[in-house]
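Coordinates as given in final-v8.pdb (PDB, C-alpha atoms):
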ATOM      1  CA  MET R   1     127.800  99.128  91.776
ATOM      2  CA  LYS R   2     126.376  95.678  91.026
ATOM      3  CA  GLN R   3     127.167  94.240  87.604
ATOM      4  CA  ILE R   4     124.899  92.097  85.434
ATOM      5  CA  LYS R   5     126.165  88.517  85.048
ATOM      6  CA  ASP R   6     126.235  86.794  81.661
ATOM      7  CA  LEU R   7     124.391  83.475  81.608
ATOM      8  CA  SER R   8     124.460  82.190  78.029
ATOM      9  CA  GLN R   9     124.677  83.397  74.481
ATOM     10  CA  GLY R  10     124.367  81.997  70.961
ATOM     11  CA  THR R  11     123.280  82.919  67.459
ATOM     12  CA  ASN R  12     119.650  83.274  68.503
ATOM     13  CA  HIS R  13     119.807  84.281  72.164
ATOM     14  CA  THR R  14     121.451  86.264  74.933
ATOM     15  CA  ALA R  15     120.732  85.451  78.590
ATOM     16  CA  ILE R  16     121.771  87.261  81.741
ATOM     17  CA  ASP R  17     121.300  86.900  85.480
ATOM     18  CA  LEU R  18     120.233  89.904  87.556
ATOM     19  CA  ASP R  19     120.365  87.884  90.809
ATOM     20  CA  ASN R  20     117.447  87.704  93.251
ATOM     21  CA  LEU R  21     115.048  90.576  92.748
ATOM     22  CA  GLU R  22     115.232  91.799  96.355
ATOM     23  CA  LYS R  23     118.806  92.854  95.544
ATOM     24  CA  LEU R  24     117.724  95.236  92.762
ATOM     25  CA  MET R  25     118.543  98.286  94.868
ATOM     26  CA  GLN R  26     122.226  97.364  94.500
ATOM     27  CA  TYR R  27     122.120  98.329  90.831
ATOM     28  CA  SER R  28     122.443 101.933  89.866
ATOM     29  CA  LEU R  29     122.507 103.930  86.694
ATOM     30  CA  LEU R  30     124.452 107.025  85.785
ATOM     31  CA  HIS R  31     121.954 109.175  83.900
ATOM     32  CA  PRO R  32     123.542 109.856  80.469
ATOM     33  CA  VAL R  33     122.451 113.489  80.380
ATOM     34  CA  ASN R  34     122.583 114.915  83.897
ATOM     35  CA  LYS R  35     125.191 112.394  85.168
ATOM     36  CA  LYS R  36     123.254 111.831  88.388
ATOM     37  CA  GLU R  37     123.245 108.364  89.911
ATOM     38  CA  ILE R  38     119.821 106.693  89.982
ATOM     39  CA  GLU R  39     119.701 103.861  92.519
ATOM     40  CA  GLY R  40     117.834 100.628  91.954
ATOM     41  CA  LYS R  41     117.482 100.991  88.191
ATOM     42  CA  VAL R  42     118.983  98.840  85.440
ATOM     43  CA  PHE R  43     118.319  98.936  81.683
ATOM     44  CA  LEU R  44     118.698  95.644  79.821
ATOM     45  CA  LYS R  45     118.842  96.430  76.087
ATOM     46  CA  ASP R  46     122.625  96.408  75.804
ATOM     47  CA  ALA R  47     123.077  93.423  78.126
ATOM     48  CA  ILE R  48     120.614  91.149  76.306
ATOM     49  CA  LYS R  49     121.005  92.764  72.845
ATOM     50  CA  SER R  50     117.301  93.574  72.465
ATOM     51  CA  THR R  51     116.068  94.906  69.144
ATOM     52  CA  GLY R  52     112.329  95.197  69.829
ATOM     53  CA  SER R  53     112.016  96.477  73.385
ATOM     54  CA  GLU R  54     113.942  98.209  76.144
ATOM     55  CA  ILE R  55     113.227  96.489  79.443
ATOM     56  CA  SER R  56     114.270  97.978  82.769
ATOM     57  CA  PHE R  57     114.043  96.857  86.379
ATOM     58  CA  ASN R  58     113.301  99.668  88.785
ATOM     59  CA  SER R  59     112.855 100.224  92.479
ATOM     60  CA  LEU R  60     111.614 102.971  94.737
ATOM     61  CA  ALA R  61     112.552 103.293  98.398
ATOM     62  CA  PRO R  62     109.698 103.141 100.962
ATOM     63  CA  LYS R  63     107.474 106.236 100.975
ATOM     64  CA  SER R  64     109.142 107.810  97.956
ATOM     65  CA  GLU R  65     108.327 108.728  94.379
ATOM     66  CA  GLN R  66     110.020 109.190  91.037
ATOM     67  CA  PRO R  67     111.166 112.808  91.395
ATOM     68  CA  TYR R  68     109.765 113.941  88.043
ATOM     69  CA  PHE R  69     106.921 113.323  85.607
ATOM     70  CA  HIS R  70     107.824 112.405  82.028
ATOM     71  CA  ILE R  71     106.499 111.740  78.538
ATOM     72  CA  HIS R  72     107.962 109.768  75.629
ATOM     73  CA  ARG R  73     108.539 110.488  71.984
ATOM     74  CA  LYS R  74     108.075 107.200  70.127
ATOM     75  CA  ASN R  75     107.692 104.545  72.782
ATOM     76  CA  GLU R  76     104.716 103.101  74.582
ATOM     77  CA  GLU R  77     105.661 102.186  78.160
ATOM     78  CA  THR R  78     104.204  99.337  80.195
ATOM     79  CA  TYR R  79     104.756  99.199  83.961
ATOM     80  CA  ILE R  80     104.467  95.891  85.844
ATOM     81  CA  ILE R  81     104.384  96.217  89.629
ATOM     82  CA  LEU R  82     106.120  93.272  91.317
ATOM     83  CA  LYS R  83     106.218  94.378  94.971
ATOM     84  CA  GLY R  84     104.927  97.192  97.171
ATOM     85  CA  PHE R  85     101.914  99.441  96.695
ATOM     86  CA  GLY R  86     101.338 103.077  95.925
ATOM     87  CA  LEU R  87      99.969 105.487  93.353
ATOM     88  CA  PHE R  88     100.315 105.956  89.621
ATOM     89  CA  GLN R  89      99.323 109.103  87.796
ATOM     90  CA  VAL R  90      98.761 109.591  84.054
ATOM     91  CA  ASP R  91      97.771 113.145  83.080
ATOM     92  CA  ASP R  92      95.132 114.184  85.640
ATOM     93  CA  LYS R  93      94.155 110.657  86.651
ATOM     94  CA  CYS R  94      95.704 109.129  89.773
ATOM     95  CA  PHE R  95      94.986 105.551  90.887
ATOM     96  CA  ASP R  96      96.121 102.886  93.363
ATOM     97  CA  ILE R  97      98.662 100.289  92.246
ATOM     98  CA  LYS R  98     100.107  97.180  93.896
ATOM     99  CA  GLU R  99     101.727  93.842  93.097
ATOM    100  CA  GLY R 100     100.085  92.564  89.905
ATOM    101  CA  SER R 101      99.091  95.971  88.519
ATOM    102  CA  VAL R 102     100.012  96.518  84.866
ATOM    103  CA  ILE R 103      99.814  99.990  83.320
ATOM    104  CA  ARG R 104     100.218 100.826  79.623
ATOM    105  CA  VAL R 105     101.009 104.479  78.919
ATOM    106  CA  ALA R 106     100.954 106.041  75.427
ATOM    107  CA  PRO R 107     103.904 108.316  74.516
ATOM    108  CA  ASP R 108     101.935 111.517  75.217
ATOM    109  CA  GLY R 109     100.800 110.445  78.703
ATOM    110  CA  ILE R 110     102.398 112.522  81.470
ATOM    111  CA  ARG R 111     103.298 109.864  84.032
ATOM    112  CA  GLY R 112     104.550 109.553  87.587
ATOM    113  CA  ILE R 113     104.778 106.794  90.202
ATOM    114  CA  ARG R 114     104.830 106.779  94.002
ATOM    115  CA  ASN R 115     105.610 104.006  96.503
ATOM    116  CA  SER R 116     103.338 104.520  99.521
ATOM    117  CA  SER R 117     104.367 101.283 101.228
ATOM    118  CA  ASP R 118     106.960 100.585 103.923
ATOM    119  CA  GLU R 119     108.930  98.253 101.679
ATOM    120  CA  THR R 120     110.946  98.856  98.518
ATOM    121  CA  MET R 121     108.670  98.960  95.488
ATOM    122  CA  THR R 122     109.951  96.859  92.583
ATOM    123  CA  TYR R 123     108.648  97.213  89.039
ATOM    124  CA  ILE R 124     109.502  96.399  85.446
ATOM    125  CA  VAL R 125     109.115  98.948  82.632
ATOM    126  CA  ILE R 126     108.908  97.862  78.997
ATOM    127  CA  GLN R 127     109.443 100.409  76.247
ATOM    128  CA  SER R 128     108.452  99.450  72.723
ATOM    129  CA  LYS R 129     107.704 101.572  69.700
ATOM    130  CA  GLU R 130     104.036 102.588  69.568
ATOM    131  CA  ASN R 131     102.075 100.723  66.851
ATOM    132  CA  SER R 132     105.039  98.483  65.968
ATOM    133  CA  LEU R 133     103.448  95.152  66.920
ATOM    134  CA  GLN R 134     101.920  93.139  64.087
ATOM    135  CA  GLU R 135     101.461  89.581  65.371
ATOM    136  CA  TYR R 136     100.507  88.792  68.955
ATOM    137  CA  SER R 137      99.082  86.263  71.412
ATOM    138  CA  THR R 138      99.900  82.812  70.008
ATOM    139  CA  GLY R 139      99.610  84.107  66.404
ATOM    140  CA  ASP R 140     103.319  84.690  65.845
ATOM    141  CA  GLY R 141     104.590  81.363  67.185
ATOM    142  CA  THR R 142     104.942  77.971  65.522
ATOM    143  CA  ARG R 143     105.537  74.739  67.392
ATOM    144  CA  VAL R 144     108.447  72.671  66.100
ATOM    145  CA  PRO R 145     109.497  69.117  66.894
ATOM    146  CA  PHE R 146     112.750  69.288  68.852
ATOM    147  CA  GLU R 147     114.604  67.210  71.423
ATOM    148  CA  SER R 148     115.112  68.759  74.815
ATOM    149  CA  LYS R 149     118.571  68.417  76.358
ATOM    150  CA  TRP R 150     117.015  67.921  79.812
ATOM    151  CA  LYS R 151     115.687  64.514  78.747
ATOM    152  CA  GLU R 152     119.162  63.237  77.938
TER     153      GLU R 152
ATOM    154  CA  MET Q 153      88.565  80.942  85.236
ATOM    155  CA  LYS Q 154      89.996  84.086  86.840
ATOM    156  CA  GLN Q 155      89.204  87.388  85.096
ATOM    157  CA  ILE Q 156      91.478  90.409  84.769
ATOM    158  CA  LYS Q 157      90.193  93.432  86.730
ATOM    159  CA  ASP Q 158      90.136  96.904  85.195
ATOM    160  CA  LEU Q 159      91.998  99.498  87.247
ATOM    161  CA  SER Q 160      91.929 102.755  85.291
ATOM    162  CA  GLN Q 161      91.716 104.075  81.769
ATOM    163  CA  GLY Q 162      92.046 107.375  79.945
ATOM    164  CA  THR Q 163      93.136 108.882  76.642
ATOM    165  CA  ASN Q 164      96.761 107.940  77.245
ATOM    166  CA  HIS Q 165      96.598 104.843  79.436
ATOM    167  CA  THR Q 166      94.957 101.552  80.337
ATOM    168  CA  ALA Q 167      95.660  99.878  83.671
ATOM    169  CA  ILE Q 168      94.615  96.477  84.974
ATOM    170  CA  ASP Q 169      95.081  94.401  88.104
ATOM    171  CA  LEU Q 170      96.138  90.759  87.826
ATOM    172  CA  ASP Q 171      95.991  90.273  91.613
ATOM    173  CA  ASN Q 172      98.888  88.856  93.618
ATOM    174  CA  LEU Q 173     101.290  86.948  91.431
ATOM    175  CA  GLU Q 174     101.092  83.711  93.450
ATOM    176  CA  LYS Q 175      97.520  83.412  92.139
ATOM    177  CA  LEU Q 176      98.606  83.334  88.477
ATOM    178  CA  MET Q 177      97.788  79.632  88.192
ATOM    179  CA  GLN Q 178      94.107  80.595  88.479
ATOM    180  CA  TYR Q 179      94.235  82.162  85.016
ATOM    181  CA  SER Q 180      93.917  79.979  81.993
ATOM    182  CA  LEU Q 181      93.872  80.431  78.283
ATOM    183  CA  LEU Q 182      91.940  78.605  75.614
ATOM    184  CA  HIS Q 183      94.444  78.126  72.794
ATOM    185  CA  PRO Q 184      92.874  79.761  69.710
ATOM    186  CA  VAL Q 185      93.975  77.004  67.345
ATOM    187  CA  ASN Q 186      93.815  73.684  69.169
ATOM    188  CA  LYS Q 187      91.190  74.847  71.747
ATOM    189  CA  LYS Q 188      93.129  73.228  74.590
ATOM    190  CA  GLU Q 189      93.120  74.963  77.968
ATOM    191  CA  ILE Q 190      96.538  76.201  79.077
ATOM    192  CA  GLU Q 191      96.647  76.799  82.847
ATOM    193  CA  GLY Q 192      98.533  79.659  84.456
ATOM    194  CA  LYS Q 193      98.892  81.756  81.319
ATOM    195  CA  VAL Q 194      97.407  85.159  80.542
ATOM    196  CA  PHE Q 195      98.074  87.465  77.565
ATOM    197  CA  LEU Q 196      97.700  91.205  78.201
ATOM    198  CA  LYS Q 197      97.563  92.948  74.806
ATOM    199  CA  ASP Q 198      93.778  93.157  74.582
ATOM    200  CA  ALA Q 199      93.309  94.006  78.267
ATOM    201  CA  ILE Q 200      95.785  96.904  78.303
ATOM    202  CA  LYS Q 201      95.419  97.846  74.604
ATOM    203  CA  SER Q 202      99.113  97.460  73.804
ATOM    204  CA  THR Q 203     100.361  98.520  70.394
ATOM    205  CA  GLY Q 204     104.104  97.849  70.750
ATOM    206  CA  SER Q 205     104.408  94.618  72.708
ATOM    207  CA  GLU Q 206     102.471  91.534  73.742
ATOM    208  CA  ILE Q 207     103.169  90.770  77.385
ATOM    209  CA  SER Q 208     102.119  87.516  79.022
ATOM    210  CA  PHE Q 209     102.333  86.106  82.533
ATOM    211  CA  ASN Q 210     103.065  82.408  82.627
ATOM    212  CA  SER Q 211     103.506  79.652  85.141
ATOM    213  CA  LEU Q 212     104.742  76.090  85.161
ATOM    214  CA  ALA Q 213     103.809  73.522  87.794
ATOM    215  CA  PRO Q 214     106.644  72.018  89.888
ATOM    216  CA  LYS Q 215     108.877  69.596  87.942
ATOM    217  CA  SER Q 216     107.218  70.295  84.610
ATOM    218  CA  GLU Q 217     108.037  71.835  81.257
ATOM    219  CA  GLN Q 218     106.358  73.599  78.374
ATOM    220  CA  PRO Q 219     105.208  70.559  76.353
ATOM    221  CA  TYR Q 220     106.616  71.810  73.043
ATOM    222  CA  PHE Q 221     109.473  73.820  71.544
ATOM    223  CA  HIS Q 222     108.577  76.783  69.349
ATOM    224  CA  ILE Q 223     109.906  79.519  67.075
ATOM    225  CA  HIS Q 224     108.454  82.884  66.058
ATOM    226  CA  ARG Q 225     107.900  84.640  62.763
ATOM    227  CA  LYS Q 226     108.369  88.355  63.416
ATOM    228  CA  ASN Q 227     108.725  88.737  67.166
ATOM    229  CA  GLU Q 228     111.690  88.712  69.480
ATOM    230  CA  GLU Q 229     110.753  87.161  72.831
ATOM    231  CA  THR Q 230     112.188  88.076  76.207
ATOM    232  CA  TYR Q 231     111.630  85.810  79.210
ATOM    233  CA  ILE Q 232     111.903  87.183  82.755
ATOM    234  CA  ILE Q 233     111.963  84.537  85.487
ATOM    235  CA  LEU Q 234     110.224  85.755  88.654
ATOM    236  CA  LYS Q 235     110.128  82.590  90.778
ATOM    237  CA  GLY Q 236     111.420  79.025  90.710
ATOM    238  CA  PHE Q 237     114.437  77.574  88.944
ATOM    239  CA  GLY Q 238     115.021  75.253  86.034
ATOM    240  CA  LEU Q 239     116.408  74.993  82.534
ATOM    241  CA  PHE Q 240     116.056  76.995  79.345
ATOM    242  CA  GLN Q 241     117.053  75.710  75.935
ATOM    243  CA  VAL Q 242     117.627  77.691  72.740
ATOM    244  CA  ASP Q 243     118.615  75.551  69.747
ATOM    245  CA  ASP Q 244     121.262  73.127  71.084
ATOM    246  CA  LYS Q 245     122.231  75.230  74.094
ATOM    247  CA  CYS Q 246     120.667  74.430  77.472
ATOM    248  CA  PHE Q 247     121.391  76.497  80.600
ATOM    249  CA  ASP Q 248     120.245  77.003  84.197
ATOM    250  CA  ILE Q 249     117.719  79.723  84.953
ATOM    251  CA  LYS Q 250     116.250  81.089  88.186
ATOM    252  CA  GLU Q 251     114.607  84.189  89.679
ATOM    253  CA  GLY Q 252     116.264  87.188  88.033
ATOM    254  CA  SER Q 253     117.276  85.425  84.807
ATOM    255  CA  VAL Q 254     116.362  87.310  81.622
ATOM    256  CA  ILE Q 255     116.582  85.586  78.236
ATOM    257  CA  ARG Q 256     116.190  87.282  74.837
ATOM    258  CA  VAL Q 257     115.398  84.900  71.981
ATOM    259  CA  ALA Q 258     115.459  85.881  68.288
ATOM    260  CA  PRO Q 259     112.502  84.713  66.144
ATOM    261  CA  ASP Q 260     114.492  81.791  64.669
ATOM    262  CA  GLY Q 261     115.624  80.405  68.045
ATOM    263  CA  ILE Q 262     114.010  77.056  68.869
ATOM    264  CA  ARG Q 263     113.085  77.500  72.539
ATOM    265  CA  GLY Q 264     111.834  75.483  75.476
ATOM    266  CA  ILE Q 265     111.601  75.973  79.243
ATOM    267  CA  ARG Q 266     111.531  73.590  82.221
ATOM    268  CA  ASN Q 267     110.745  74.164  85.902
ATOM    269  CA  SER Q 268     113.015  71.846  87.919
ATOM    270  CA  SER Q 269     111.985  73.281  91.289
ATOM    271  CA  ASP Q 270     109.378  72.116  93.809
ATOM    272  CA  GLU Q 271     107.395  75.357  93.531
ATOM    273  CA  THR Q 272     105.394  76.874  90.696
ATOM    274  CA  MET Q 273     107.685  78.728  88.287
ATOM    275  CA  THR Q 274     106.405  82.190  87.359
ATOM    276  CA  TYR Q 275     107.716  84.145  84.393
ATOM    277  CA  ILE Q 276     106.863  87.040  82.114
ATOM    278  CA  VAL Q 277     107.267  86.858  78.335
ATOM    279  CA  ILE Q 278     107.490  89.991  76.191
ATOM    280  CA  GLN Q 279     106.959  89.749  72.448
ATOM    281  CA  SER Q 280     107.975  92.733  70.329
ATOM    282  CA  LYS Q 281     108.737  92.996  66.641
ATOM    283  CA  GLU Q 282     112.405  92.293  65.905
ATOM    284  CA  ASN Q 283     114.365  95.443  64.991
ATOM    285  CA  SER Q 284     111.411  97.744  65.718
ATOM    286  CA  LEU Q 285     113.004  99.723  68.560
ATOM    287  CA  GLN Q 286     114.540 103.067  67.650
ATOM    288  CA  GLU Q 287     114.982 105.012  70.888
ATOM    289  CA  TYR Q 288     115.919 103.344  74.165
ATOM    290  CA  SER Q 289     117.327 103.759  77.673
ATOM    291  CA  THR Q 290     116.508 107.325  78.761
ATOM    292  CA  GLY Q 291     116.806 108.588  75.162
ATOM    293  CA  ASP Q 292     113.102 108.509  74.342
ATOM    294  CA  GLY Q 293     111.832 110.239  77.470
ATOM    295  CA  THR Q 294     111.480 113.914  78.322
ATOM    296  CA  ARG Q 295     110.860 115.245  81.819
ATOM    297  CA  VAL Q 296     107.973 117.663  82.107
ATOM    298  CA  PRO Q 297     106.902 119.924  84.968
ATOM    299  CA  PHE Q 298     103.644 118.545  86.380
ATOM    300  CA  GLU Q 299     101.787 118.529  89.673
ATOM    301  CA  SER Q 300     101.260 115.181  91.314
ATOM    302  CA  LYS Q 301      97.816 114.484  92.720
ATOM    303  CA  TRP Q 302      99.353 112.694  95.720
ATOM    304  CA  LYS Q 303     100.689 115.999  97.038
ATOM    305  CA  GLU Q 304      97.228 117.507  97.214
TER     306      GLU Q 304
END

Exercise: express the given structure as structure tokens:
Amino acid sequence: MKQIKDLSQGTNHTAIDLDNLEKLMQYSLLHPVNKKEIEGKVFLKDAIKSTGSEISFNSLAPKSEQPYFHIHRKNEETYIILKGFGLFQVDDKCFDIKEGSVIRVAPDGIRGIRNSSDETMTYIVIQSKENSLQEYSTGDGTRVPFESKWKE
Amino acid sequence: MKQIKDLSQGTNHTAIDLDNLEKLMQYSLLHPVNKKEIEGKVFLKDAIKSTGSEISFNSLAPKSEQPYFHIHRKNEETYIILKGFGLFQVDDKCFDIKEGSVIRVAPDGIRGIRNSSDETMTYIVIQSKENSLQEYSTGDGTRVPFESKWKE
């Protein structure tokens, strides 16, 4: 099973390296409840010490689907499709997805995903607590004068 | 200026299509404060009606850098590098990044990013409120029996 590599850490950051994204299928996850191995899936919260979101990288083999539909309790989920094409279903609505599709699903949405393509589908899922965001866009950031090390 | 395409919406979801990710440079953003156009950047909160995170797609031209360092007030930021390689700096620590690098930065971290490669660097940034996450990994989800439309 592929291991996440540490890249850098400090008081205000933690960075890791997942390696090239076509190698995502080498990661796998032991499901904490049913103890089954899920291939091509890696959660990042523990590795990068997240406190505001749980980000995962996921993959689906060609012509395959997530074998179950699911809902959430507190978290909104956002899916970002990086590679492949297929179908996404929320409740009774099913629609085409492909590279560049982004799907937000509220906790109550019953969701499923299928890879219809002949290549591995790769996608990112972001979980964050529904209604937790206060500042957004450029509104939360402040530019500060600072010297970059790469100019040294 | 490229426009985001709507893909699907319903009570529990909003989905959009950004188009293939190599076309990201066609998006641009008018900065709400200084009114300058920022090329290759698109925020998604309004388009997908997010309530827990602000996700943006970003790009940097070959051999270029974000022209300023910045901090945040309430939000943790996570950077996911999709293409290209370069340098990331948080406070006084500067380190190499490339496809597959993931960097979490706390609000107080003074951050900057540089693309050292000869291709456009593409990366995702996720803003979410620091310490807002309660459930994570598979802990927030519940599988539910449901019929997929793609089996019809």

Chain R least-squares fitted onto chain Q over all paired Cα atoms, as a short mmCIF file (atom, residue, chain, number, x, y, z; two decimals) with C-alpha atoms, keeping the file's coordinate frame:
data_model
loop_
_atom_site.label_atom_id
_atom_site.label_comp_id
_atom_site.auth_asym_id
_atom_site.auth_seq_id
_atom_site.Cartn_x
_atom_site.Cartn_y
_atom_site.Cartn_z
CA MET R 1 88.56 80.95 85.24
CA LYS R 2 89.98 84.10 86.84
CA GLN R 3 89.20 87.38 85.09
CA ILE R 4 91.47 90.41 84.77
CA LYS R 5 90.20 93.43 86.73
CA ASP R 6 90.14 96.90 85.19
CA LEU R 7 91.98 99.51 87.26
CA SER R 8 91.92 102.76 85.29
CA GLN R 9 91.72 104.07 81.78
CA GLY R 10 92.04 107.38 79.94
CA THR R 11 93.14 108.88 76.64
CA ASN R 12 96.77 107.94 77.24
CA HIS R 13 96.60 104.84 79.44
CA THR R 14 94.95 101.56 80.33
CA ALA R 15 95.65 99.88 83.68
CA ILE R 16 94.61 96.48 84.98
CA ASP R 17 95.07 94.40 88.10
CA LEU R 18 96.13 90.76 87.82
CA ASP R 19 95.98 90.27 91.61
CA ASN R 20 98.89 88.86 93.63
CA LEU R 21 101.30 86.95 91.43
CA GLU R 22 101.10 83.73 93.46
CA LYS R 23 97.53 83.42 92.15
CA LEU R 24 98.63 83.33 88.49
CA MET R 25 97.81 79.64 88.19
CA GLN R 26 94.12 80.59 88.48
CA TYR R 27 94.24 82.16 85.03
CA SER R 28 93.93 79.98 82.00
CA LEU R 29 93.88 80.44 78.28
CA LEU R 30 91.94 78.61 75.61
CA HIS R 31 94.44 78.13 72.80
CA PRO R 32 92.87 79.78 69.71
CA VAL R 33 93.96 77.02 67.35
CA ASN R 34 93.82 73.69 69.17
CA LYS R 35 91.21 74.84 71.74
CA LYS R 36 93.13 73.24 74.60
CA GLU R 37 93.13 74.97 77.97
CA ILE R 38 96.55 76.21 79.09
CA GLU R 39 96.66 76.81 82.85
CA GLY R 40 98.53 79.67 84.46
CA LYS R 41 98.89 81.76 81.31
CA VAL R 42 97.40 85.17 80.54
CA PHE R 43 98.07 87.47 77.57
CA LEU R 44 97.70 91.20 78.20
CA LYS R 45 97.57 92.95 74.81
CA ASP R 46 93.78 93.15 74.59
CA ALA R 47 93.32 93.99 78.28
CA ILE R 48 95.79 96.90 78.31
CA LYS R 49 95.41 97.84 74.61
CA SER R 50 99.12 97.45 73.81
CA THR R 51 100.36 98.51 70.40
CA GLY R 52 104.10 97.85 70.76
CA SER R 53 104.40 94.61 72.71
CA GLU R 54 102.47 91.53 73.75
CA ILE R 55 103.17 90.77 77.39
CA SER R 56 102.12 87.52 79.03
CA PHE R 57 102.33 86.11 82.53
CA ASN R 58 103.07 82.41 82.62
CA SER R 59 103.50 79.64 85.14
CA LEU R 60 104.74 76.08 85.16
CA ALA R 61 103.79 73.52 87.79
CA PRO R 62 106.64 72.02 89.88
CA LYS R 63 108.86 69.61 87.94
CA SER R 64 107.21 70.30 84.60
CA GLU R 65 108.04 71.84 81.25
CA GLN R 66 106.35 73.60 78.36
CA PRO R 67 105.21 70.57 76.35
CA TYR R 68 106.62 71.81 73.04
CA PHE R 69 109.48 73.82 71.55
CA HIS R 70 108.58 76.80 69.36
CA ILE R 71 109.92 79.52 67.08
CA HIS R 72 108.46 82.88 66.06
CA ARG R 73 107.90 84.63 62.78
CA LYS R 74 108.37 88.35 63.42
CA ASN R 75 108.74 88.73 67.16
CA GLU R 76 111.70 88.71 69.47
CA GLU R 77 110.75 87.16 72.82
CA THR R 78 112.19 88.08 76.20
CA TYR R 79 111.63 85.81 79.21
CA ILE R 80 111.91 87.18 82.76
CA ILE R 81 111.98 84.54 85.49
CA LEU R 82 110.23 85.76 88.65
CA LYS R 83 110.13 82.59 90.78
CA GLY R 84 111.41 79.02 90.72
CA PHE R 85 114.43 77.57 88.94
CA GLY R 86 115.01 75.24 86.04
CA LEU R 87 116.39 75.00 82.53
CA PHE R 88 116.06 76.99 79.34
CA GLN R 89 117.06 75.70 75.94
CA VAL R 90 117.64 77.69 72.74
CA ASP R 91 118.63 75.55 69.74
CA ASP R 92 121.27 73.12 71.07
CA LYS R 93 122.24 75.22 74.09
CA CYS R 94 120.67 74.43 77.47
CA PHE R 95 121.38 76.50 80.60
CA ASP R 96 120.24 77.00 84.20
CA ILE R 97 117.70 79.72 84.96
CA LYS R 98 116.24 81.09 88.20
CA GLU R 99 114.62 84.19 89.69
CA GLY R 100 116.27 87.19 88.02
CA SER R 101 117.28 85.42 84.80
CA VAL R 102 116.37 87.31 81.62
CA ILE R 103 116.57 85.60 78.23
CA ARG R 104 116.18 87.28 74.83
CA VAL R 105 115.40 84.90 71.98
CA ALA R 106 115.47 85.89 68.28
CA PRO R 107 112.52 84.71 66.13
CA ASP R 108 114.49 81.78 64.66
CA GLY R 109 115.62 80.41 68.04
CA ILE R 110 114.01 77.05 68.87
CA ARG R 111 113.10 77.50 72.53
CA GLY R 112 111.84 75.49 75.48
CA ILE R 113 111.60 75.98 79.25
CA ARG R 114 111.53 73.59 82.20
CA ASN R 115 110.74 74.16 85.89
CA SER R 116 113.00 71.85 87.91
CA SER R 117 111.96 73.28 91.28
CA ASP R 118 109.36 72.12 93.80
CA GLU R 119 107.40 75.35 93.53
CA THR R 120 105.39 76.88 90.69
CA MET R 121 107.68 78.72 88.28
CA THR R 122 106.40 82.18 87.35
CA TYR R 123 107.72 84.14 84.39
CA ILE R 124 106.88 87.05 82.11
CA VAL R 125 107.27 86.85 78.32
CA ILE R 126 107.49 89.99 76.19
CA GLN R 127 106.97 89.75 72.45
CA SER R 128 107.97 92.72 70.33
CA LYS R 129 108.73 92.98 66.65
CA GLU R 130 112.40 92.28 65.91
CA ASN R 131 114.37 95.44 64.99
CA SER R 132 111.40 97.73 65.71
CA LEU R 133 112.99 99.71 68.56
CA GLN R 134 114.52 103.06 67.64
CA GLU R 135 114.97 105.01 70.89
CA TYR R 136 115.91 103.35 74.17
CA SER R 137 117.33 103.76 77.67
CA THR R 138 116.51 107.32 78.76
CA GLY R 139 116.81 108.59 75.15
CA ASP R 140 113.11 108.50 74.34
CA GLY R 141 111.83 110.23 77.48
CA THR R 142 111.48 113.91 78.33
CA ARG R 143 110.87 115.24 81.82
CA VAL R 144 107.96 117.66 82.11
CA PRO R 145 106.91 119.91 84.97
CA PHE R 146 103.65 118.55 86.37
CA GLU R 147 101.78 118.54 89.67
CA SER R 148 101.27 115.19 91.32
CA LYS R 149 97.80 114.49 92.72
CA TRP R 150 99.35 112.69 95.72
CA LYS R 151 100.67 116.00 97.05
CA GLU R 152 97.20 117.51 97.22
#

Neighbouring residues of Glu37 in chain R were defined as those with any atom within 12 Å, considering all atoms listed in the file; residues of the same chain fewer than 4 positions away were excluded. Please report them as a PDB file with C-alpha atoms, keeping the file's coordinate frame.
ATOM      1  CA  MET R   1     127.800  99.128  91.776  1.00  0.00           C
ATOM      2  CA  GLN R  26     122.226  97.364  94.500  1.00  0.00           C
ATOM      3  CA  TYR R  27     122.120  98.329  90.831  1.00  0.00           C
ATOM      4  CA  SER R  28     122.443 101.933  89.866  1.00  0.00           C
ATOM      5  CA  LEU R  29     122.507 103.930  86.694  1.00  0.00           C
ATOM      6  CA  LEU R  30     124.452 107.025  85.785  1.00  0.00           C
ATOM      7  CA  HIS R  31     121.954 109.175  83.900  1.00  0.00           C
ATOM      8  CA  PRO R  32     123.542 109.856  80.469  1.00  0.00           C
ATOM      9  CA  VAL R  33     122.451 113.489  80.380  1.00  0.00           C
ATOM     10  CA  LYS R  41     117.482 100.991  88.191  1.00  0.00           C
ATOM     11  CA  VAL R  42     118.983  98.840  85.440  1.00  0.00           C
TER      12      VAL R  42
END

As a check of understanding, name the residues that the PyMOL selection byres ((chain R) within 7 of (chain Q)) selects in the supplied structure, as JSON, numbers by chain. {"R": [8, 12, 13, 14, 15, 16, 17, 18, 19, 20, 21, 43, 48, 50, 51, 52, 53, 54, 68, 69, 70, 71, 72, 73, 74, 75, 76, 90, 94, 95, 99, 100, 101, 102, 103, 104, 105, 106, 108, 109, 128, 129, 130, 131, 132, 133, 136, 137, 140, 141, 142, 143, 144, 145, 146, 149]}

Just the number, please: distance in Å from CA of Glu271 in chain Q to CA of Ala213 in chain Q, one decimal.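 Here the two named atoms are 7.0 Å from each other.
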